[in-house]
Amino acid sequence: MVGLSEGEKHFIRGGIAQGIRTDGRRRLQFRALSVETGVIPQANGSARVRLGATEIIASVKAELGKPNILHPDKGKVSIFVDCSPTAEPTFEGRGSEELSTELSVALQRCLLGGKSGAGAAIDLSSLIIVEGKVCWDLYIDGLVVSSDGNLLDALAAAIKVALSNTGIPKVNVSLSAASDEEPEVDVSNEEFLQFDTSSVPVIVTLTKVGQHYIVDATSEEESQMSSAVSVSVNRNGQVCGLTKRGGAGLDPSVIFDMISVAKHVSQQFIAHLDSKISAAEAAAE
Amino acid sequence: MEFVDALTGFRVDGRRPNEMRKLKGEVGVVARADGSALFEMGNTRVIAAVYGPREVQNKGQQVNSKEALVRCEYRMAEFSTGDRRRKPKGDRRSTEISLVIRQTMEASILTELMPRSQIDIFVQVLQADGGTRSACINAATLALADAGIPMRDIVTSCSAGYLCSTPLLDLNYVEDSAGGPDVTVGILAKMDKVTLLQMDAKLPMDTFENVMGLAIEGCKAIATHIREVLLENTKRLECQRG
């Protein structure tokens with residue numbers, strides 16, 4: 001809930017129209033980004049990402065599971081988001097459920113691809129241990145600790161960092177003679193495999209306020225939006241997912257324009273995030 | 001299992017029986033909250049955020065309009081425990097801990113100074129390794145102080161247990177799940193008053209006195225640490241003002 005007076009609303013809208021926002025940013029400029037890795041020791045990978053006053057902790061846990069019968073050659077990945085009441089008093093009790101579900105579904109759409117697992121950010125076949133029998137189940141949890149707008153972009157960035165920090169234990173499978181028996185799996189405590197996270201996309205949300213659109217909106221700016229389009233783009237500039245929010249309708253030509261702008265912005269953001277990840281990894285060592 | 005080494009007297013994590021885990025307190029970790037704090041006791045890590053005093057949101061909850069309404073919610077992050085299990089929100093354990101924290105904090109907040117208003121305390125467990133109850137209370141104290149809410153005294157909490165015929169201070173998860181008695185004490189540090197006392201399992205009276213004495217010692221040590229953190233923060237603020 002943002003309580004703004006008429007004057008403040010006018011100021012925010014006027015600033016965006018003139019290309020200079022209340023915190024001095026231009027329309028397509030992100031807030032300061034800070035990245036920390038390995039913040040949750042008991043997870044396989046974790047990260048804390050701060051985007052201005054928005055703070056996200058993401059963790060990746062890997063558990064042994066059974067692959068889906070329909071896709072015996074693929075592992076499973078699930079994404080859950082929880083909005084802590086520390087971020088906003090209205091998230092208390094069941095107050096955050098709707099928003100958490102909305103964010104989880106949007107992230108699943110952008111990162112997990114279709115039902116068959118095609119187009120997923122992570123190569124699901126790399127999670128398989130014994131085809132049809134044993135695979136890794138990846139549980140990705142996002143926790144919103146502090147919220148000041150643009151949660152989706154921050155969550156996607158945090159998940160990308162957490163995945164690049166993730167080490168999956170190496171496993172040795174002792175194949176038993178009979179193929180229908182449960183294979184014995186020996187999980188190594190010392191050797192870990194890293195993921196190829198280069199194809200994990202980032203999400204860029206363009207928030208339309210008046211005639212113009214902005215990236216990385218604060219919650220004050222979000223309260224003035226007419227609609228928002230979240231585009232997930234990977235390193236190769238391919239669009240991996242799209243979500244439109246907000247009540248107002250958008251002209252199709254505007255949407256195409258927004259996608260091309262998002263594509264352009266995302267390439268800068270990925271480069272920026274990558275440099276932050278390597279700096280964080282270096283600091284952690 | 002041997003929780004205290006018979007030869008050296010050290011515990012499973014290498015501490016002495018009357019030794020506390022490493023404490024860390026940090027103020028102002030949630031940018032948009034009125035007051036917030038991070039508190040670590042070893043591997044247990046919690047964040048507390050305070051919103052208020054502000055207008056009562058749900059008038060039905062207001063019992064006494066001459067006093068502030070204090071509310072509290074305790075939540076555990078999905079990744080806070082070793083094995084990942086989805087728990088429904090508002091399970092009985094969380095509800096009980098929320099209540100305990102609320103009552104403990106209410107004892108120290110000067111509620112009569114803020115009539116017709118509400119103070120929300122939210123605690124979020126990021127890592128659970130025993131003693132989350134105590135860590136939450138300590139974090140809440142720091143956050144309330146950061147929010148500038150008038151309090152009688154600093155409330156701190158610490159647990160102590162009794163394993164292998166030795167009273168142990170500040171149990172970690174392994175020691176906590178050993179099944180021995182676990183005494184959690186909360187005190188008003190300067191006034192020397194107990195505001196929270198919980199124990200499970202049984203313990204002879206004279207041993208209980210020792211264990212509780214040890215827990216109170218722990219609380220006092222935490223109070224000293226919290227005072228240091230707050231003093232340092234105030235000095236920093238003073239510097240910023242110039």
# chains A, B, ... in the order shown; residues from 1 in each chain; ligands from 1
$ closest_atom_pairs --of "chain B" --to "chain A" --cutoff "9 Å" --atoms "only C-alpha atoms" --output "tab-separated table"
residue	atom	partner	partner_atom	distance
B:Val29	CA	A:Ser146	CA	8.8
B:Val30	CA	A:Ser146	CA	5.6
B:Ala31	CA	A:Ala53	CA	5.6
B:Arg32	CA	A:Ser146	CA	7.0
B:Ala33	CA	A:Ala87	CA	7.3
B:Ser36	CA	A:Thr86	CA	8.4
B:Asn43	CA	A:Pro41	CA	8.8
B:Ile47	CA	A:Thr86	CA	7.9
B:Ala48	CA	A:Thr86	CA	6.8
B:Ala49	CA	A:Thr86	CA	5.1
B:Val50	CA	A:Thr86	CA	7.6
B:Tyr51	CA	A:Pro89	CA	7.2
B:Glu73	CA	A:Glu92	CA	7.2
B:Arg75	CA	A:Ser84	CA	7.7
B:Ala77	CA	A:Leu143	CA	7.2
B:Glu78	CA	A:Asp141	CA	6.8
B:Phe79	CA	A:Ser59	CA	6.8
B:Ser80	CA	A:Ile40	CA	8.1
B:Thr81	CA	A:Gln42	CA	7.8
B:Gly82	CA	A:Gln42	CA	6.2
B:Arg84	CA	A:Lys61	CA	7.9
B:Lys89	CA	A:Gly93	CA	7.1
B:Gly90	CA	A:Gly93	CA	7.0
B:Asp120	CA	A:Pro89	CA	7.5
B:Ile121	CA	A:Thr86	CA	8.2
B:Phe122	CA	A:Thr86	CA	5.4
B:Val123	CA	A:Thr86	CA	6.9
B:Gln124	CA	A:Ser84	CA	7.0
B:Leu126	CA	A:Ile40	CA	8.0
B:Gln127	CA	A:Ile40	CA	7.4
$ write_last_selection --atoms "C-alpha atoms" --output "PDB file, in the first residue's frame"
ATOM      1  CA  VAL B  29      18.580  -4.336   7.327  1.00  0.00           C
ATOM      2  CA  VAL B  30      15.104  -3.812   5.829  1.00  0.00           C
ATOM      3  CA  ALA B  31      15.089  -0.454   4.106  1.00  0.00           C
ATOM      4  CA  ARG B  32      11.377   0.288   4.160  1.00  0.00           C
ATOM      5  CA  ALA B  33      10.531  -0.879   7.676  1.00  0.00           C
ATOM      6  CA  SER B  36      14.653  -3.731  11.535  1.00  0.00           C
ATOM      7  CA  ASN B  43      24.164 -20.676  12.498  1.00  0.00           C
ATOM      8  CA  ILE B  47      15.477 -10.963  10.610  1.00  0.00           C
ATOM      9  CA  ALA B  48      12.994  -8.837  12.514  1.00  0.00           C
ATOM     10  CA  ALA B  49      11.066  -5.876  11.119  1.00  0.00           C
ATOM     11  CA  VAL B  50       8.915  -3.452  13.068  1.00  0.00           C
ATOM     12  CA  TYR B  51       6.146  -1.349  11.563  1.00  0.00           C
ATOM     13  CA  GLU B  73       4.147 -12.947  13.376  1.00  0.00           C
ATOM     14  CA  ARG B  75       7.671 -17.238   9.968  1.00  0.00           C
ATOM     15  CA  ALA B  77      11.794 -19.533   5.403  1.00  0.00           C
ATOM     16  CA  GLU B  78      11.391 -22.607   3.212  1.00  0.00           C
ATOM     17  CA  PHE B  79      15.155 -23.083   3.129  1.00  0.00           C
ATOM     18  CA  SER B  80      15.791 -22.456   6.832  1.00  0.00           C
ATOM     19  CA  THR B  81      15.910 -26.094   7.895  1.00  0.00           C
ATOM     20  CA  GLY B  82      18.119 -28.907   6.678  1.00  0.00           C
ATOM     21  CA  ARG B  84      13.067 -28.990   2.844  1.00  0.00           C
ATOM     22  CA  LYS B  89       1.462 -21.060   7.112  1.00  0.00           C
ATOM     23  CA  GLY B  90       0.233 -20.505  10.632  1.00  0.00           C
ATOM     24  CA  ASP B 120       3.668  -4.891  14.240  1.00  0.00           C
ATOM     25  CA  ILE B 121       6.674  -7.116  14.813  1.00  0.00           C
ATOM     26  CA  PHE B 122       7.521  -9.576  12.048  1.00  0.00           C
ATOM     27  CA  VAL B 123      10.258 -12.124  12.506  1.00  0.00           C
ATOM     28  CA  GLN B 124      11.548 -14.228   9.663  1.00  0.00           C
ATOM     29  CA  LEU B 126      16.477 -17.502   7.591  1.00  0.00           C
ATOM     30  CA  GLN B 127      18.449 -20.326   9.181  1.00  0.00           C
TER      31      GLN B 127
END
$ residues_around --residues "Arg152 (chain B)" --least-positions-apart "6" --cutoff "7 Å" --atoms "only C-alpha atoms" --output "list in words"
Ser108, Ile109 and Leu110 of chain B
$ write_last_selection --atoms "C-alpha atoms" --output "PDB file, in the first residue's frame"
ATOM      1  CA  SER B 108       8.908  -4.158  27.893  1.00  0.00           C
ATOM      2  CA  ILE B 109       7.140  -1.786  25.479  1.00  0.00           C
ATOM      3  CA  LEU B 110       5.613   1.261  27.163  1.00  0.00           C
TER       4      LEU B 110
END
$ atom_distance --atom1 "CA of Val239 (chain A)" --atom2 "CA of Cys110 (chain A)"
9.1 Å
$ select_by_dssp --residues "region 38-108 of chain B" --states "strand (DSSP E)" --output "PyMOL selection string"
chain B and resi 38-41+44-55+69-76
$ closest_residue --among "A:Val173, A:Ser78, A:Ser232, A:Val134" --to "Ser104 (chain A)" --atoms "only C-alpha atoms"
A:Ser78
$ select_by_dssp --residues "region 15-241 of chain A" --states "helix (DSSP H, G or I)" --output "ChimeraX atom specification"
/A:15-18,89-91,97-111,124-127,151-164,219-222
$ write_last_selection --atoms "C-alpha atoms" --output "PDB file, in the first residue's frame"
ATOM      1  CA  GLY A  15       8.986  13.350 -13.980  1.00  0.00           C
ATOM      2  CA  ILE A  16       8.557  10.204 -16.032  1.00  0.00           C
ATOM      3  CA  ALA A  17       7.118  12.207 -18.927  1.00  0.00           C
ATOM      4  CA  GLN A  18      10.191  14.477 -18.855  1.00  0.00           C
ATOM      5  CA  PRO A  89       2.796  -5.561   6.847  1.00  0.00           C
ATOM      6  CA  THR A  90      -0.002  -6.548   4.446  1.00  0.00           C
ATOM      7  CA  PHE A  91       1.867  -9.795   3.692  1.00  0.00           C
ATOM      8  CA  GLU A  97      -0.517 -15.756  -0.950  1.00  0.00           C
ATOM      9  CA  GLU A  98      -1.973 -14.147  -4.052  1.00  0.00           C
ATOM     10  CA  LEU A  99       1.150 -12.163  -4.854  1.00  0.00           C
ATOM     11  CA  SER A 100       3.428 -15.134  -4.081  1.00  0.00           C
ATOM     12  CA  THR A 101       1.474 -17.354  -6.456  1.00  0.00           C
ATOM     13  CA  GLU A 102       1.451 -14.702  -9.171  1.00  0.00           C
ATOM     14  CA  LEU A 103       5.223 -14.317  -8.914  1.00  0.00           C
ATOM     15  CA  SER A 104       5.867 -18.087  -8.776  1.00  0.00           C
ATOM     16  CA  VAL A 105       3.768 -18.712 -11.874  1.00  0.00           C
ATOM     17  CA  ALA A 106       5.395 -15.857 -13.787  1.00  0.00           C
ATOM     18  CA  LEU A 107       8.854 -17.197 -12.900  1.00  0.00           C
ATOM     19  CA  GLN A 108       7.910 -20.746 -13.841  1.00  0.00           C
ATOM     20  CA  ARG A 109       6.655 -19.492 -17.191  1.00  0.00           C
ATOM     21  CA  CYS A 110       9.860 -17.628 -17.859  1.00  0.00           C
ATOM     22  CA  LEU A 111      12.393 -20.135 -16.507  1.00  0.00           C
ATOM     23  CA  LEU A 124      16.689 -30.723 -17.562  1.00  0.00           C
ATOM     24  CA  SER A 125      18.362 -33.793 -19.029  1.00  0.00           C
ATOM     25  CA  SER A 126      21.529 -32.876 -17.101  1.00  0.00           C
ATOM     26  CA  LEU A 127      19.578 -33.581 -13.897  1.00  0.00           C
ATOM     27  CA  LEU A 151       9.968  -7.879  -7.404  1.00  0.00           C
ATOM     28  CA  LEU A 152       9.817 -10.079 -10.503  1.00  0.00           C
ATOM     29  CA  ASP A 153      13.030  -8.749 -12.053  1.00  0.00           C
ATOM     30  CA  ALA A 154      14.855  -8.966  -8.731  1.00  0.00           C
ATOM     31  CA  LEU A 155      13.609 -12.521  -8.133  1.00  0.00           C
ATOM     32  CA  ALA A 156      14.721 -13.668 -11.578  1.00  0.00           C
ATOM     33  CA  ALA A 157      18.123 -12.068 -11.063  1.00  0.00           C
ATOM     34  CA  ALA A 158      18.468 -13.697  -7.614  1.00  0.00           C
ATOM     35  CA  ILE A 159      17.551 -17.110  -9.046  1.00  0.00           C
ATOM     36  CA  LYS A 160      20.067 -16.685 -11.838  1.00  0.00           C
ATOM     37  CA  VAL A 161      22.796 -15.870  -9.321  1.00  0.00           C
ATOM     38  CA  ALA A 162      21.762 -18.733  -7.011  1.00  0.00           C
ATOM     39  CA  LEU A 163      21.840 -21.209  -9.910  1.00  0.00           C
ATOM     40  CA  SER A 164      25.303 -20.079 -10.934  1.00  0.00           C
ATOM     41  CA  SER A 219       6.596   0.821  -5.478  1.00  0.00           C
ATOM     42  CA  GLU A 220       5.585   4.499  -5.685  1.00  0.00           C
ATOM     43  CA  GLU A 221       6.006   4.399  -9.445  1.00  0.00           C
ATOM     44  CA  GLU A 222       4.215   1.049  -9.690  1.00  0.00           C
TER      45      GLU A 222
END
$ residues_around --residues "Leu99 (chain B)" --least-positions-apart "3" --cutoff "9 Å" --atoms "only C-alpha atoms" --output "ChimeraX atom specification"
/B:71-74,94-96,102-104
$ write_last_selection --atoms "N, CA and C atoms" --output "mmCIF file, in the first residue's frame"
data_model
loop_
_atom_site.group_PDB
_atom_site.id
_atom_site.type_symbol
_atom_site.label_atom_id
_atom_site.label_comp_id
_atom_site.auth_asym_id
_atom_site.auth_seq_id
_atom_site.Cartn_x
_atom_site.Cartn_y
_atom_site.Cartn_z
ATOM 1 N N ARG B 71 1.415 -6.623 17.889
ATOM 2 C CA ARG B 71 1.141 -7.857 17.153
ATOM 3 C C ARG B 71 2.457 -8.449 16.678
ATOM 4 N N CYS B 72 2.452 -9.750 16.485
ATOM 5 C CA CYS B 72 3.693 -10.400 16.105
ATOM 6 C C CYS B 72 3.407 -11.577 15.190
ATOM 7 N N GLU B 73 4.248 -11.737 14.188
ATOM 8 C CA GLU B 73 4.147 -12.947 13.376
ATOM 9 C C GLU B 73 5.531 -13.553 13.182
ATOM 10 N N TYR B 74 5.587 -14.857 13.374
ATOM 11 C CA TYR B 74 6.839 -15.609 13.243
ATOM 12 C C TYR B 74 6.721 -16.470 12.002
ATOM 13 N N SER B 94 4.373 -22.224 14.930
ATOM 14 C CA SER B 94 4.596 -20.806 14.621
ATOM 15 C C SER B 94 3.661 -19.919 15.419
ATOM 16 N N THR B 95 2.396 -20.346 15.538
ATOM 17 C CA THR B 95 1.426 -19.544 16.277
ATOM 18 C C THR B 95 1.866 -19.400 17.720
ATOM 19 N N GLU B 96 2.360 -20.498 18.289
ATOM 20 C CA GLU B 96 2.788 -20.459 19.684
ATOM 21 C C GLU B 96 3.982 -19.528 19.850
ATOM 22 N N ARG B 102 5.269 -12.077 21.268
ATOM 23 C CA ARG B 102 4.412 -10.918 21.503
ATOM 24 C C ARG B 102 4.334 -10.606 22.995
ATOM 25 N N GLN B 103 4.083 -11.643 23.783
ATOM 26 C CA GLN B 103 3.934 -11.420 25.222
ATOM 27 C C GLN B 103 5.228 -10.910 25.844
ATOM 28 N N THR B 104 6.350 -11.469 25.378
ATOM 29 C CA THR B 104 7.631 -11.054 25.939
ATOM 30 C C THR B 104 7.922 -9.597 25.603
#
$ residues_around --residues "Val231 (chain A)" --least-positions-apart "5" --cutoff "6 Å" --atoms "only C-alpha atoms" --output "compact mmCIF listing (two decimals) with C-alpha atoms, in the first residue's frame"
# COMPACT_ATOMS: atom_id res chain seq x y z
CA ILE A 203 13.40 -10.64 -16.67
CA VAL A 204 12.97 -7.00 -17.58
CA GLY A 241 8.56 -15.66 -21.74
CA LEU A 242 6.12 -12.80 -21.54
$ closest_residue --among "B:Asp192, B:Glu232, B:Asp129, B:Glu175" --to "Thr44 (chain B)" --atoms "only C-alpha atoms"
B:Asp129
$ residues_around --residues "Ala280 (chain A)" --least-positions-apart "4" --cutoff "8 Å" --atoms "only C-alpha atoms" --output "ChimeraX atom specification"
/A:35-37,276,284
$ write_last_selection --atoms "C-alpha atoms" --output "PDB file, in the first residue's frame"
ATOM      1  CA  VAL A  35      24.925  -9.377  -5.198  1.00  0.00           C
ATOM      2  CA  GLU A  36      26.092 -11.821  -2.537  1.00  0.00           C
ATOM      3  CA  THR A  37      26.480 -15.577  -3.012  1.00  0.00           C
ATOM      4  CA  LYS A 276      28.534  -8.688 -10.236  1.00  0.00           C
ATOM      5  CA  ALA A 284      33.386 -15.389  -1.318  1.00  0.00           C
TER       6      ALA A 284
END
$ residues_around --residues "Arg26 (chain A)" --least-positions-apart "6" --cutoff "9 Å" --atoms "only C-alpha atoms" --output "ChimeraX atom specification"
/A:16,19-20,214
$ atom_distance --atom1 "CA of Arg15 (chain B)" --atom2 "CA of Leu168 (chain B)"
9.6 Å
$ atom_distance --atom1 "CA of Val27 (chain B)" --atom2 "CA of Leu273 (chain A)"
27.2 Å
